[in-house]
>>> print(open('data-v1.cif').read())   # mmCIF, C-alpha atoms
data_run
loop_
_atom_site.label_atom_id
_atom_site.label_comp_id
_atom_site.auth_asym_id
_atom_site.auth_seq_id
_atom_site.Cartn_x
_atom_site.Cartn_y
_atom_site.Cartn_z
CA MET A 160 -8.47 22.36 10.75
CA LYS A 161 -9.19 18.68 10.13
CA ILE A 162 -9.53 16.57 13.27
CA ASP A 163 -9.17 12.80 13.31
CA TRP A 164 -11.99 11.91 15.71
CA ILE A 165 -11.10 8.22 15.70
CA ALA A 166 -7.61 9.09 16.95
CA LYS A 167 -9.13 11.45 19.54
CA LEU A 168 -11.35 8.65 20.85
CA ARG A 169 -8.41 6.25 20.95
CA TYR A 170 -6.28 8.72 22.93
CA PHE A 171 -9.19 9.42 25.31
CA LEU A 172 -9.72 5.72 26.05
CA GLN A 173 -6.00 5.20 26.58
CA THR A 174 -5.93 8.17 28.98
CA MET A 175 -8.85 6.79 30.96
CA ALA A 176 -7.14 3.39 31.18
CA PHE A 177 -4.00 5.15 32.42
CA CYS A 178 -6.08 6.97 35.07
CA LEU A 179 -7.59 3.69 36.26
CA ALA A 180 -4.09 2.29 36.73
CA ILE A 181 -3.02 5.37 38.71
CA SER A 182 -6.08 5.21 40.99
CA ALA A 183 -5.42 1.50 41.61
CA VAL A 184 -1.82 2.26 42.64
CA GLN A 185 -3.00 5.07 44.96
CA TYR A 186 -5.56 2.78 46.56
CA ALA A 187 -2.88 0.11 47.09
CA PHE A 188 -0.89 2.60 49.19
CA GLN A 189 -3.98 3.80 51.09
CA PRO A 190 -6.31 0.79 51.40
CA ASP A 191 -8.01 2.29 54.45
CA LYS A 192 -9.71 4.93 52.25
CA PRO A 193 -12.55 4.20 49.79
CA TYR A 194 -11.38 3.37 46.26
CA GLU A 195 -13.97 5.80 44.87
CA ILE A 196 -11.94 8.83 46.04
CA PRO A 197 -8.72 8.24 44.04
CA LEU A 198 -10.81 6.89 41.15
CA VAL A 199 -12.94 10.04 40.75
CA TYR A 200 -10.02 12.43 41.21
CA SER A 201 -7.84 10.49 38.79
CA LEU A 202 -10.56 10.33 36.09
CA CYS A 203 -11.47 14.01 36.43
CA ILE A 204 -7.86 15.22 36.28
CA GLY A 205 -7.05 12.79 33.47
CA PHE A 206 -10.04 13.90 31.40
CA PHE A 207 -9.08 17.57 31.54
CA THR A 208 -5.43 16.71 30.85
CA TRP A 209 -6.46 14.86 27.70
CA PHE A 210 -8.86 17.63 26.68
CA PHE A 211 -6.51 20.59 27.20
CA ILE A 212 -3.45 18.98 25.60
CA ASP A 213 -5.00 16.95 22.79
CA PHE A 214 -7.28 19.78 21.63
CA GLY A 215 -4.96 22.60 22.69
CA ARG A 216 -2.27 21.48 20.26
CA HIS A 217 -4.62 22.30 17.36
CA LEU A 218 -4.86 25.92 18.53
CA LEU A 219 -1.09 26.41 18.29
CA ALA A 220 1.16 26.37 15.25
CA SER A 221 1.99 22.67 14.98
CA ASP A 222 4.39 20.62 12.93
CA SER A 223 2.17 19.35 10.13
CA ALA A 224 4.07 16.07 10.12
CA ILE A 225 3.35 14.97 13.69
CA GLY A 226 0.66 17.45 14.75
CA TRP A 227 2.59 18.86 17.72
CA PRO A 228 3.69 22.46 18.46
CA THR A 229 7.36 23.15 17.95
CA GLY A 230 9.82 25.05 20.13
CA ILE A 231 8.82 26.55 23.49
CA LYS A 232 5.12 26.08 22.71
CA GLY A 233 5.61 22.35 22.65
CA ILE A 234 6.98 22.53 26.22
CA LEU A 235 4.54 25.06 27.68
CA LEU A 236 1.44 23.27 26.35
CA PRO A 237 1.77 20.14 28.53
CA LEU A 238 3.00 22.15 31.56
CA PHE A 239 0.05 24.56 31.60
CA GLY A 240 -2.28 21.77 30.52
CA ILE A 241 -1.28 19.59 33.45
CA LEU A 242 -1.48 22.45 35.98
CA GLY A 243 -4.87 23.62 34.72
CA SER A 244 -6.16 20.04 34.62
CA TYR A 245 -5.11 19.46 38.21
CA LEU A 246 -6.91 22.60 39.44
CA LEU A 247 -10.09 22.11 37.38
CA GLY A 248 -10.19 18.32 37.84
CA SER A 249 -9.84 18.69 41.62
CA LEU A 250 -12.69 21.25 41.73
CA VAL A 251 -14.98 18.92 39.76
CA ALA A 252 -14.10 15.97 42.01
CA ASP A 253 -14.66 18.15 45.10
CA SER A 254 -18.14 19.01 43.88
CA TRP A 255 -18.81 15.31 43.29
CA PHE A 256 -18.07 14.49 46.93
CA GLY A 257 -19.43 17.76 48.31
CA TRP A 258 -16.31 18.97 50.04
CA SER A 259 -13.34 21.23 49.45
CA SER A 260 -10.02 19.43 49.36
CA TRP A 261 -8.21 22.77 49.47
CA ASN A 262 -9.31 23.32 53.07
CA GLY A 263 -8.79 19.81 54.27
CA GLN A 264 -5.60 18.74 52.56
CA GLY A 265 -2.27 19.24 54.20
CA LYS A 266 0.55 20.77 52.26
CA VAL A 267 2.39 17.44 52.03
CA GLN A 268 -0.67 15.59 50.72
CA MET A 269 -1.42 18.39 48.25
CA SER A 270 2.18 18.40 47.00
CA THR A 271 2.13 14.61 46.61
CA SER A 272 -1.12 14.74 44.62
CA LEU A 273 0.25 17.45 42.34
CA LEU A 274 3.49 15.52 41.84
CA ILE A 275 1.58 12.37 40.87
CA THR A 276 -0.50 14.41 38.42
CA ALA A 277 2.61 16.01 36.90
CA LEU A 278 4.45 12.70 36.47
CA ALA A 279 1.39 10.98 35.04
CA GLY A 280 0.63 13.89 32.70
CA ILE A 281 4.22 14.14 31.42
CA SER A 282 4.38 10.38 30.89
CA ALA A 283 1.10 10.33 28.98
CA THR A 284 2.10 13.37 26.91
CA TYR A 285 5.43 11.79 26.02
CA TYR A 286 3.67 8.56 25.03
CA PHE A 287 1.22 10.32 22.74
CA TYR A 288 3.96 12.49 21.25
CA THR A 289 6.20 9.51 20.45
CA HIS A 290 3.19 7.55 19.17
CA SER A 291 2.28 10.36 16.75
CA LYS A 292 5.88 10.70 15.63
CA GLY A 293 6.16 6.94 15.19
CA ASN A 294 3.03 6.89 13.03
CA TYR A 295 4.46 9.71 10.92
CA LEU A 296 7.80 7.95 10.43
CA GLU A 297 6.04 4.70 9.57
CA ALA A 298 3.94 6.51 6.98
CA GLN A 299 7.08 8.11 5.55
CA VAL A 300 8.81 4.74 5.26
CA SER A 301 5.75 3.26 3.53
CA GLU A 302 5.65 6.17 1.09
CA VAL A 303 9.35 5.81 0.29
CA ARG A 304 8.90 2.10 -0.30
CA ARG A 305 5.92 2.77 -2.57
CA GLN A 306 7.87 5.32 -4.58
CA ALA A 307 10.84 2.95 -4.83
CA SER A 308 8.56 0.16 -6.08
CA GLU A 309 7.02 2.45 -8.69
CA ALA A 310 10.45 3.61 -9.82
CA LYS A 311 11.63 0.01 -10.12
CA LEU A 312 8.56 -0.94 -12.15
CA LYS A 313 9.20 2.02 -14.45
CA LEU A 314 12.82 0.96 -14.88
CA LEU A 315 11.81 -2.59 -15.73
CA GLU A 316 9.24 -1.28 -18.21
CA THR A 317 11.82 0.92 -19.94
CA GLN A 318 13.97 -2.21 -20.34
CA LEU A 319 11.06 -4.22 -21.70
CA GLU A 320 9.73 -1.81 -24.35
CA PRO A 321 13.01 -1.50 -26.34
CA HIS A 322 13.35 -5.31 -26.24
CA MET A 323 9.93 -5.69 -27.87
CA LEU A 324 10.60 -2.86 -30.33
CA PHE A 325 13.94 -4.27 -31.51
CA ASN A 326 12.38 -7.68 -32.10
CA THR A 327 9.56 -6.11 -34.10
CA LEU A 328 11.89 -3.94 -36.19
CA ALA A 329 14.02 -6.99 -36.97
CA ASN A 330 10.92 -8.74 -38.27
CA LEU A 331 9.97 -5.64 -40.26
CA ARG A 332 13.38 -5.61 -41.92
CA VAL A 333 12.83 -9.16 -43.16
CA LEU A 334 9.38 -8.30 -44.56
CA ILE A 335 10.68 -5.23 -46.40
CA GLY A 336 12.81 -7.50 -48.57
CA THR A 337 10.28 -10.29 -49.03
CA ASP A 338 6.82 -8.68 -48.94
CA PRO A 339 6.80 -4.84 -49.14
CA ALA A 340 2.98 -4.62 -48.93
CA ARG A 341 2.87 -6.55 -45.67
CA ALA A 342 5.84 -4.55 -44.43
CA GLN A 343 3.87 -1.33 -45.04
CA ASP A 344 0.87 -2.74 -43.17
CA MET A 345 3.14 -3.81 -40.32
CA LEU A 346 4.76 -0.38 -40.15
CA ASP A 347 1.34 1.29 -39.87
CA ARG A 348 0.40 -1.04 -37.02
CA ILE A 349 3.72 -0.37 -35.27
CA VAL A 350 2.99 3.36 -35.32
CA ALA A 351 -0.53 2.82 -33.91
CA TYR A 352 0.78 0.41 -31.27
CA LEU A 353 3.57 2.72 -30.10
CA ARG A 354 1.14 5.64 -29.88
CA ALA A 355 -1.14 3.59 -27.60
CA THR A 356 1.84 2.31 -25.61
CA LEU A 357 3.19 5.82 -25.04
CA ALA A 358 -0.19 7.01 -23.74
CA ALA A 359 -0.43 4.07 -21.32
CA SER A 360 3.19 4.16 -20.12
CA ARG A 361 2.67 7.24 -17.95
CA ALA A 362 1.27 5.01 -15.19
CA SER A 363 2.88 2.03 -13.49
CA SER A 364 -0.41 0.11 -13.53
CA HIS A 365 -3.66 0.14 -15.46
CA PRO A 366 -6.94 -1.83 -15.68
CA LEU A 367 -6.76 -5.35 -17.04
CA ALA A 368 -9.03 -4.26 -19.90
CA LEU A 369 -6.28 -1.93 -21.18
CA GLU A 370 -3.70 -4.70 -20.85
CA PHE A 371 -5.86 -6.89 -23.08
CA GLU A 372 -6.33 -4.04 -25.57
CA ARG A 373 -2.58 -3.65 -25.88
CA LEU A 374 -2.20 -7.40 -26.31
CA HIS A 375 -4.78 -7.26 -29.09
CA ASP A 376 -2.78 -4.51 -30.84
CA TYR A 377 0.44 -6.46 -30.44
CA LEU A 378 -1.04 -9.75 -31.70
CA GLU A 379 -2.55 -7.96 -34.70
CA LEU A 380 0.92 -6.61 -35.38
CA MET A 381 2.40 -10.11 -35.20
CA ALA A 382 -0.40 -11.47 -37.39
CA VAL A 383 0.80 -9.23 -40.21
CA ARG A 384 4.14 -11.00 -40.16
CA MET A 385 2.99 -14.57 -39.47
CA GLY A 386 -0.21 -14.53 -41.50
CA PRO A 387 -2.44 -17.62 -41.12
CA ARG A 388 0.19 -19.32 -38.95
CA LEU A 389 -0.99 -17.26 -35.96
CA HIS A 390 -4.39 -17.57 -34.30
CA TYR A 391 -5.23 -16.06 -30.95
CA THR A 392 -8.02 -15.82 -28.38
CA LEU A 393 -8.40 -13.16 -25.67
CA ASP A 394 -10.85 -14.02 -22.89
CA LEU A 395 -11.51 -11.34 -20.26
CA PRO A 396 -14.63 -11.63 -18.05
CA ALA A 397 -16.43 -8.31 -17.53
CA ASP A 398 -16.15 -8.53 -13.72
CA LEU A 399 -12.33 -8.59 -13.94
CA ALA A 400 -11.91 -5.86 -16.56
CA GLN A 401 -11.13 -3.12 -14.02
CA GLN A 402 -8.62 -5.10 -11.92
CA ALA A 403 -5.36 -3.14 -11.81
CA VAL A 404 -2.18 -4.85 -13.05
CA PRO A 405 1.31 -3.55 -13.91
CA THR A 406 1.56 -2.30 -17.49
CA LEU A 407 3.06 -4.71 -20.04
CA LEU A 408 2.75 -7.60 -17.59
CA LEU A 409 1.45 -10.17 -20.09
CA GLN A 410 3.16 -9.06 -23.28
CA PRO A 411 6.55 -10.70 -22.49
CA LEU A 412 4.76 -14.03 -22.06
CA VAL A 413 2.96 -13.61 -25.38
CA GLU A 414 6.27 -12.71 -27.04
CA ASN A 415 7.81 -15.89 -25.61
CA SER A 416 4.90 -17.94 -26.95
CA ILE A 417 5.44 -16.56 -30.45
CA LYS A 418 9.23 -16.63 -30.49
CA HIS A 419 9.87 -19.94 -28.71
CA GLY A 420 6.57 -21.74 -29.31
CA LEU A 421 4.89 -20.89 -32.61
CA GLU A 422 7.65 -19.56 -34.86
CA PRO A 423 9.75 -22.76 -34.69
CA LYS A 424 6.62 -24.76 -35.62
CA LEU A 425 6.04 -24.98 -39.37
CA GLN A 426 2.25 -24.70 -39.18
CA GLY A 427 2.28 -22.14 -36.38
CA GLY A 428 -0.50 -22.48 -33.81
CA ASP A 429 -2.83 -20.81 -31.32
CA ILE A 430 -2.25 -18.45 -28.39
CA THR A 431 -4.87 -18.08 -25.67
CA VAL A 432 -4.80 -15.35 -23.02
CA ARG A 433 -7.41 -15.74 -20.32
CA ALA A 434 -8.27 -14.08 -16.99
CA LEU A 435 -10.21 -15.89 -14.28
CA ARG A 436 -10.94 -15.73 -10.58
CA GLU A 437 -9.86 -18.46 -8.18
CA GLY A 438 -10.91 -17.69 -4.62
CA GLY A 439 -9.21 -14.47 -3.62
CA MET A 440 -6.70 -14.60 -6.48
CA LEU A 441 -6.65 -13.26 -10.02
CA VAL A 442 -5.25 -15.87 -12.41
CA LEU A 443 -3.86 -14.80 -15.78
CA GLN A 444 -3.20 -17.61 -18.23
CA VAL A 445 -1.06 -17.46 -21.37
CA SER A 446 -0.98 -20.73 -23.31
CA ASP A 447 0.16 -21.76 -26.76
CA THR A 448 0.13 -24.85 -28.96
CA GLY A 449 3.75 -24.44 -29.96
CA VAL A 450 6.72 -26.75 -29.79
CA GLY A 451 6.92 -26.72 -25.98
CA PHE A 452 10.01 -27.75 -24.05
CA ASP A 453 11.20 -30.14 -21.38
CA THR A 454 10.56 -28.49 -17.99
CA GLN A 455 13.19 -30.75 -16.40
CA ALA A 456 15.93 -29.55 -18.73
CA PRO A 457 18.27 -26.90 -17.27
CA GLU A 458 17.73 -23.72 -19.27
CA SER A 459 17.41 -20.02 -18.72
CA ASP A 460 13.94 -18.53 -18.24
CA GLY A 461 14.86 -15.88 -20.81
CA PHE A 462 14.42 -12.13 -20.73
CA GLY A 463 10.60 -12.08 -20.92
CA LEU A 464 9.80 -14.43 -18.05
CA ALA A 465 12.60 -12.97 -15.92
CA GLN A 466 11.01 -9.54 -16.39
CA VAL A 467 7.59 -10.85 -15.38
CA LEU A 468 8.98 -12.53 -12.26
CA GLU A 469 10.83 -9.40 -11.16
CA ARG A 470 7.91 -7.06 -11.85
CA MET A 471 5.51 -9.32 -9.91
CA ALA A 472 7.90 -9.45 -6.95
CA THR A 473 8.11 -5.65 -6.97
CA ALA A 474 4.43 -4.91 -7.53
CA TYR A 475 2.96 -7.55 -5.19
CA ASP A 476 5.68 -7.79 -2.52
CA GLY A 477 6.01 -11.55 -2.85
CA HIS A 478 2.24 -12.25 -2.71
CA GLY A 479 2.06 -13.42 -6.34
CA ARG A 480 3.43 -16.59 -7.92
CA VAL A 481 4.13 -17.98 -11.38
CA GLU A 482 3.31 -21.50 -12.54
CA ARG A 483 4.69 -22.84 -15.84
CA ASN A 484 3.83 -26.12 -17.54
CA SER A 485 5.05 -27.40 -20.90
CA THR A 486 5.04 -30.60 -22.91
CA PRO A 487 7.39 -31.03 -25.87
CA GLY A 488 5.42 -30.93 -29.11
CA GLN A 489 2.17 -29.82 -27.41
CA GLY A 490 2.76 -26.31 -26.10
CA THR A 491 3.32 -24.24 -23.00
CA THR A 492 1.07 -22.70 -20.37
CA VAL A 493 2.08 -19.95 -17.92
CA LEU A 494 -0.20 -19.02 -15.02
CA LEU A 495 0.20 -15.82 -12.99
CA HIS A 496 -1.50 -15.92 -9.58
CA LEU A 497 -2.03 -12.36 -8.31
CA PRO A 498 -3.92 -10.95 -5.30
CA LEU A 499 -7.31 -9.54 -6.26
CA ALA A 500 -7.59 -5.81 -5.65
CA THR A 501 -10.21 -5.03 -3.00
#
>>> encode(input="data-v1.cif", output="structure tokens")
Amino acid sequence: MKIDWIAKLRYFLQTMAFCLAISAVQYAFQPDKPYEIPLVYSLCIGFFTWFFIDFGRHLLASDSAIGWPTGIKGILLPLFGILGSYLLGSLVADSWFGWSSWNGQGKVQMSTSLLITALAGISATYYFYTHSKGNYLEAQVSEVRRQASEAKLKLLETQLEPHMLFNTLANLRVLIGTDPARAQDMLDRIVAYLRATLAASRASSHPLALEFERLHDYLELMAVRMGPRLHYTLDLPADLAQQAVPTLLLQPLVENSIKHGLEPKLQGGDITVRALREGGMLVLQVSDTGVGFDTQAPESDGFGLAQVLERMATAYDGHGRVERNSTPGQGTTVLLHLPLAT
């Protein structure tokens, strides 16, 4: 039986605060008597109520979801707990003052005290029960949201991988007719790349180091087709290598740089992928020296960037942002600002 002692302490302090409120109300109705009397009785009865009910529920078969007995046991536990707490708490308070309230109390006063204890105990029990159930439901909602986000990321990834594969196979088809040797080299690299991709695709996220490894494999694959027209630099600081990011997050941006930036340029150009830390954010930069474009011109962001935007919104719940800058004839830079994992 695993007990959450932090929760136990929280419930105990809340019970004691509740007892202080009850003693203050009792004193307000009987200001002629010392405040110490209702205070001691209220704290003693409240302590045993908390102890019997909060620990007693672990001795009974409880609903694992909310930690509370089901059926008739869930009703009898607070009833017997309150009655036993009233008897034992009153005896302890009597010994504190050195008298016996059972001899001196009238039936009306005794009935009133027991009624106050019952109402207070039932109210406190109901509060703790609903609080536990609320925590459970909140945890369930969070888990469902997490699973939905993971499923959405997986769906987006399954859309992204065929897109990349079809583009690569189209390039391979061209090479088969023009340069069979390079086509063979490219085919070998496709097989190696897909094997690594399949092994990594079983998770919705992975360390940034693995993301850069897959980018290296992909760029080597593209270098077979483009030859000396493609140069690239991958810059990953060691202290950021283990930061978790969604799989295939950067590849669509690199594909865009090649397809829309370097391929239309006769001499090709450079691609730089860099990770850096800015305050509490992880910044991932993908830049190229391609043809660029006019950022003021109305145009679609294309499949790749749209995928990145949607995957960031899903994975980071709106806490990430994308910045894109481009100058015609000079190239394009895309910056992803992501929360650093703690």
>>> residues_around(input="data-v1.cif", residues="Glu482 in chain A", least_positions_apart="3", cutoff="9 Å", atoms="only C-alpha atoms", output="list in words")
Thr492, Val493, Leu494, Leu495 and His496 of chain A
>>> write_last_selection(input="data-v1.cif", atoms="C-alpha atoms", output="PDB file, in the frame of the given file")
ATOM      1  CA  THR A 492       1.070 -22.700 -20.370  1.00  0.00           C
ATOM      2  CA  VAL A 493       2.080 -19.950 -17.920  1.00  0.00           C
ATOM      3  CA  LEU A 494      -0.200 -19.020 -15.020  1.00  0.00           C
ATOM      4  CA  LEU A 495       0.200 -15.820 -12.990  1.00  0.00           C
ATOM      5  CA  HIS A 496      -1.500 -15.920  -9.580  1.00  0.00           C
TER       6      HIS A 496
END
>>> residues_around(input="data-v1.cif", residues="Ser416 in chain A", least_positions_apart="5", cutoff="8 Å", atoms="all atoms listed in the file", output="list of chain:residue names")
A:Leu421, A:Ile430, A:Ser446, A:Asp447, A:Gly449, A:Thr491
>>> residues_around(input="data-v1.cif", residues="Phe287 in chain A", least_positions_apart="4", cutoff="12 Å", atoms="only C-alpha atoms", output="number ranges by chain")
A: 166-167, 169-171, 173-174, 209, 212-213, 216, 225-227, 237, 280-283, 291-294
>>> closest_residue(input="data-v1.cif", among="A:Leu328, A:Leu412, A:Ile162, A:Leu425", to="Arg483 in chain A", atoms="only C-alpha atoms")
A:Leu412
>>> atom_distance(input="data-v1.cif", atom1="CA of Ile196 in chain A", atom2="CA of Phe211 in chain A")
22.9 Å
>>> closest_residue(input="data-v1.cif", among="A:Tyr286, A:Phe239, A:Tyr391, A:Tyr475", to="Gly215 in chain A", atoms="all atoms listed in the file")
A:Phe239
>>> residues_around(input="data-v1.cif", residues="Leu435 in chain A", least_positions_apart="2", cutoff="12 Å", atoms="all atoms listed in the file", output="PyMOL selection string")
chain A and resi 367+393-400+402+432-433+437-445+494-497+499
>>> residues_around(input="data-v1.cif", residues="Ala252 in chain A", least_positions_apart="2", cutoff="12 Å", atoms="all atoms listed in the file", output="PyMOL selection string")
chain A and resi 195-207+244-250+254-261
>>> atom_distance(input="data-v1.cif", atom1="CA of Thr327 in chain A", atom2="CA of Met381 in chain A")
8.3 Å
>>> atom_distance(input="data-v1.cif", atom1="CA of Ala183 in chain A", atom2="CA of Thr276 in chain A")
14.2 Å
>>> residues_near_point(input="data-v1.cif", point="(-0.9, -10.1, -30.4)", cutoff="9 Å", atoms="all atoms listed in the file", output="short mmCIF file (atom, residue, chain, number, x, y, z; two decimals) with C-alpha atoms, in the frame of the given file")
data_model
loop_
_atom_site.label_atom_id
_atom_site.label_comp_id
_atom_site.auth_asym_id
_atom_site.auth_seq_id
_atom_site.Cartn_x
_atom_site.Cartn_y
_atom_site.Cartn_z
CA ARG A 373 -2.58 -3.65 -25.88
CA LEU A 374 -2.20 -7.40 -26.31
CA HIS A 375 -4.78 -7.26 -29.09
CA ASP A 376 -2.78 -4.51 -30.84
CA TYR A 377 0.44 -6.46 -30.44
CA LEU A 378 -1.04 -9.75 -31.70
CA GLU A 379 -2.55 -7.96 -34.70
CA LEU A 380 0.92 -6.61 -35.38
CA MET A 381 2.40 -10.11 -35.20
CA ALA A 382 -0.40 -11.47 -37.39
CA TYR A 391 -5.23 -16.06 -30.95
CA GLN A 410 3.16 -9.06 -23.28
CA VAL A 413 2.96 -13.61 -25.38
CA GLU A 414 6.27 -12.71 -27.04
CA ILE A 430 -2.25 -18.45 -28.39
#
>>> closest_residue(input="data-v1.cif", among="A:Ile275, A:Met345, A:Val350, A:Met471", to="Thr406 in chain A", atoms="only C-alpha atoms")
A:Met471
>>> closest_residue(input="data-v1.cif", among="A:Asn415, A:Thr271, A:Thr208, A:Ser364", to="Met175 in chain A", atoms="only C-alpha atoms")
A:Thr208
>>> closest_residue(input="data-v1.cif", among="A:Leu409, A:Gly428, A:Ile417, A:Pro498", to="Arg388 in chain A", atoms="only C-alpha atoms")
A:Gly428
>>> resolve_selection(input="data-v1.cif", expression="the PyMOL selection byres ((chain A and resi 346) around 10)", output="list in words")
Thr327, Leu328, Leu331, Ile335, Ala340, Arg341, Ala342, Gln343, Asp344, Met345, Asp347, Arg348, Ile349, Val350, Ala351, Tyr352, Leu380 and Val383 of chain A
>>> closest_residue(input="data-v1.cif", among="A:Gln189, A:Thr284, A:Thr486, A:Thr229", to="Phe452 in chain A", atoms="all atoms listed in the file")
A:Thr486
>>> axis_aligned_box(input="data-v1.cif", around="range 251-259 of chain A", padding_each_side="6 Å", output="lines of an AutoDock Vina configuration file")
center_x = -16.4
center_y = 17.9
center_z = 44.9
size_x = 18.1
size_y = 18.7
size_z = 22.3
